[in-house]
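Trainee: Here it is, the structure, as structure tokens.
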Amino acid sequence: MIPNNLNVYSRLDSPIFNSVVAAVGVTSLTVSCDVCAARVFDSGEADCAYVDARRLGLSPSVEQTLQEWPRKPDSVFEFSRQAQLTNSTFRPQKWLEDSSLNGERYLGLTDTRCKIVDCFCLTFPLNDHTWAMFAYLRCGNSAAFSPDEMQLLEQIKPAITRTIRNGYNCQLRLTQQAIAQNGGTSPPHLGTDEMITRLSRTERHILQYLFTPATERQIAQSIHRSPHTVHVHVKNIYRKLGINSRRQLQVLKAP
């Protein structure tokens, strides 16, 4: 599975994604975990997700597939979202101890043939609408997390929070600047954090083009997506902003 160009470019240009990658890399080394996964939830949708499983020595195709685990509806990430565990630390021991619960599926390693020994999760808010989750896994012959290691993760949780929050706020500023550059001054309604965080990263990208005369087909060519995919994103943008057309979008941005 090869990611499309838009996915690659958007990740390279994304402050929030790069802050997640940095935090995952540093903290996974700190506690020597076999897998570290993170997801940023943006108004109930994943703004970005990342899984570092290099220590398992998986094939590239399996590791690429594993990147979708934090977004799966039966994952520990989705469980945390539904349970509204937006500021918590926990170990999902019941999934490890009760074979009927299929812990490997909840914890993402169904296709890797790796036995999960332990899992420790951190969640923290970024603002009123957005929060993040990190999951640390020990697998195979690794030992379970010691009390000292779990305490260490809790101690560095504020630093992780600051790192991700800084990346997220930088992402918002860049989005607002892009809107201003493509459509004049940032509109009072669309320029607020509340309105921006209703949109996914791809939707915010497409929103920039909607302030220009570009047609949906031209937008699709610019971002290397099909016209149908762009049309679906445009409809989602309109729904989240409470409008029905590009003309109404132009009215919203008018001073």
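Chain labels A, B, ... are given in the sequence in which chains occur in the structure tokens; within each chain residues are numbered consecutively from 1, and ligands are likewise numbered from 1 in the order shown.
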Considering only C-alpha atoms, give me a table of residues in range 191-232 of chain A that are at most 12 Å from range 12-32 of chain A, with the closest atom pair and distance in Å for each, as CSV.
Mentor:
```
residue,atom,partner,partner_atom,distance
A:Arg201,CA,A:Ser14,CA,8.9
A:Thr202,CA,A:Ser14,CA,11.0
A:Arg204,CA,A:Ser14,CA,11.8
A:His205,CA,A:Ser14,CA,11.0
```
Trainee: Do you know which residues are at most 12 Å from Tyr168 in chain A counting only C-alpha atoms, after dropping those on the same chain fewer than 3 positions away, and could you put them as a ChimeraX atom specification?
Mentor: /A:14-20,40-42,47-48,125-127,129-132,161-165,171-175,193,196-197,201
Trainee: Using the selection just defined, write its residues with C-alpha atoms as an mmCIF file, in the first residue's frame.
Mentor:
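What landed in selection-v4.cif:
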```
data_model
loop_
_atom_site.group_PDB
_atom_site.id
_atom_site.type_symbol
_atom_site.label_atom_id
_atom_site.label_comp_id
_atom_site.auth_asym_id
_atom_site.auth_seq_id
_atom_site.Cartn_x
_atom_site.Cartn_y
_atom_site.Cartn_z
ATOM 1 C CA SER A 14 1.700 19.484 8.980
ATOM 2 C CA PRO A 15 2.976 20.947 12.286
ATOM 3 C CA ILE A 16 0.541 18.814 14.278
ATOM 4 C CA PHE A 17 1.639 15.585 12.582
ATOM 5 C CA ASN A 18 5.313 16.434 13.001
ATOM 6 C CA SER A 19 4.787 17.224 16.690
ATOM 7 C CA VAL A 20 3.081 13.841 17.127
ATOM 8 C CA VAL A 40 -5.308 13.572 17.704
ATOM 9 C CA PHE A 41 -9.105 13.829 17.831
ATOM 10 C CA ASP A 42 -10.504 16.942 16.178
ATOM 11 C CA ASP A 47 -6.928 15.094 12.675
ATOM 12 C CA CYS A 48 -3.897 12.829 12.481
ATOM 13 C CA PRO A 125 -7.038 17.864 26.080
ATOM 14 C CA LEU A 126 -5.634 20.372 23.583
ATOM 15 C CA ASN A 127 -8.564 22.816 23.682
ATOM 16 C CA HIS A 129 -12.902 20.578 21.127
ATOM 17 C CA THR A 130 -9.694 18.657 20.586
ATOM 18 C CA TRP A 131 -7.735 16.074 22.533
ATOM 19 C CA ALA A 132 -5.008 13.501 21.984
ATOM 20 C CA THR A 161 0.739 17.870 26.068
ATOM 21 C CA ARG A 162 2.684 21.082 25.459
ATOM 22 C CA THR A 163 4.420 19.585 22.420
ATOM 23 C CA ILE A 164 1.196 18.455 20.764
ATOM 24 C CA ARG A 165 -0.707 21.613 21.719
ATOM 25 C CA GLN A 171 -1.564 24.210 12.438
ATOM 26 C CA LEU A 172 -4.519 26.486 13.168
ATOM 27 C CA ARG A 173 -2.464 29.620 12.529
ATOM 28 C CA LEU A 174 -1.232 28.298 9.185
ATOM 29 C CA THR A 175 -4.764 27.397 8.160
ATOM 30 C CA ASP A 193 -10.809 28.036 16.465
ATOM 31 C CA ILE A 196 -11.769 25.616 12.013
ATOM 32 C CA THR A 197 -11.685 22.602 14.333
ATOM 33 C CA ARG A 201 -7.042 18.418 7.804
#
```
Trainee: How many Å separate CA of Val51 in chain A from CA of Gln67 in chain A?
Mentor: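 Atom-to-atom, CA of Val51 in chain A to CA of Gln67 in chain A, that is 5.4 Å.
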Trainee: Enter the distance from CA of Arg246 in chain A to CA of Tyr209 in chain A, in Å, rounded to one decimal.
Mentor: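 So the two atoms, CA of Arg246 in chain A and CA of Tyr209 in chain A, lie 10.9 Å apart.
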Trainee: To one decimal in Å, tell me the separation between CA of His233 in chain A and CA of Ile206 in chain A.
Mentor: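 Calculated distance between CA of His233 in chain A and CA of Ile206 in chain A is 7.7 Å.
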Trainee: Env of range 115-118 of chain A: 6 Å cut, atoms = only C-alpha atoms, seq-sep filter 6 positions within chain, self excluded. Answer as a list in words.
Mentor: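 Near range 115-118 of chain A, the qualifying residues are Leu137, Arg138, Cys139, Gly140 and Ala144 of chain A.
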Trainee: List the spatial neighbours of Thr89 in chain A as a PyMOL selection string - criterion: any atom at most 8 Å away, only C-alpha atoms, same-chain residues fewer than 4 positions off excluded.
Mentor: chain A and resi 120-123+154
Trainee: Output C-alpha atoms for every residue in the selection just made, as a PDB file, in the first residue's frame.
Mentor:
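Writing the result to out.pdb gives the following:
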```pdb
ATOM      1  CA  PHE A 120      -0.386   1.971  29.047  1.00  0.00           C
ATOM      2  CA  CYS A 121      -2.438   4.883  27.711  1.00  0.00           C
ATOM      3  CA  LEU A 122      -2.348   8.646  28.189  1.00  0.00           C
ATOM      4  CA  THR A 123      -5.038  11.095  27.071  1.00  0.00           C
ATOM      5  CA  GLU A 154       2.655  10.323  33.911  1.00  0.00           C
TER       6      GLU A 154
END
```
Trainee: Please provide as a ChimeraX atom specification all residues within 12 Å of Asn236 in chain A, with the sequence filter that same-chain residues fewer than 2 positions apart are discarded (counting only C-alpha atoms).
Mentor: /A:198-200,202-204,206-207,229-234,238-245
Trainee: May I have the selected residues written with C-alpha atoms, as a PDB file, in the first residue's frame?
Mentor:
```
ATOM      1  CA  ARG A 198     -14.923  21.336  12.840  1.00  0.00           C
ATOM      2  CA  LEU A 199     -13.003  20.418   9.702  1.00  0.00           C
ATOM      3  CA  SER A 200     -10.531  17.627   9.125  1.00  0.00           C
ATOM      4  CA  THR A 202      -8.053  17.522   4.239  1.00  0.00           C
ATOM      5  CA  GLU A 203     -11.212  19.604   4.508  1.00  0.00           C
ATOM      6  CA  ARG A 204      -9.227  22.619   5.711  1.00  0.00           C
ATOM      7  CA  ILE A 206      -9.861  22.103   0.319  1.00  0.00           C
ATOM      8  CA  LEU A 207     -11.475  25.067   2.094  1.00  0.00           C
ATOM      9  CA  THR A 229     -13.726  12.624  -3.491  1.00  0.00           C
ATOM     10  CA  VAL A 230     -13.417  16.406  -3.589  1.00  0.00           C
ATOM     11  CA  HIS A 231     -17.184  16.761  -4.016  1.00  0.00           C
ATOM     12  CA  VAL A 232     -17.782  14.619  -0.914  1.00  0.00           C
ATOM     13  CA  HIS A 233     -15.311  16.744   1.077  1.00  0.00           C
ATOM     14  CA  VAL A 234     -16.987  19.948  -0.122  1.00  0.00           C
ATOM     15  CA  TYR A 238     -20.759  22.905   3.915  1.00  0.00           C
ATOM     16  CA  ARG A 239     -22.537  20.678   6.439  1.00  0.00           C
ATOM     17  CA  LYS A 240     -20.062  21.449   9.232  1.00  0.00           C
ATOM     18  CA  LEU A 241     -20.199  25.185   8.525  1.00  0.00           C
ATOM     19  CA  GLY A 242     -23.997  25.218   8.330  1.00  0.00           C
ATOM     20  CA  ILE A 243     -24.202  26.346   4.689  1.00  0.00           C
ATOM     21  CA  ASN A 244     -25.383  24.828   1.401  1.00  0.00           C
ATOM     22  CA  SER A 245     -23.289  26.434  -1.337  1.00  0.00           C
TER      23      SER A 245
END
```
Trainee: Using only C-alpha atoms, find the one residue out of A:Ala135, A:Arg217, A:Phe79, A:Gln84 that sits nearest to Ala53 in chain A.
Mentor: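 Residue with the minimum atom-to-atom distance to Ala53 in chain A: A:Ala135.
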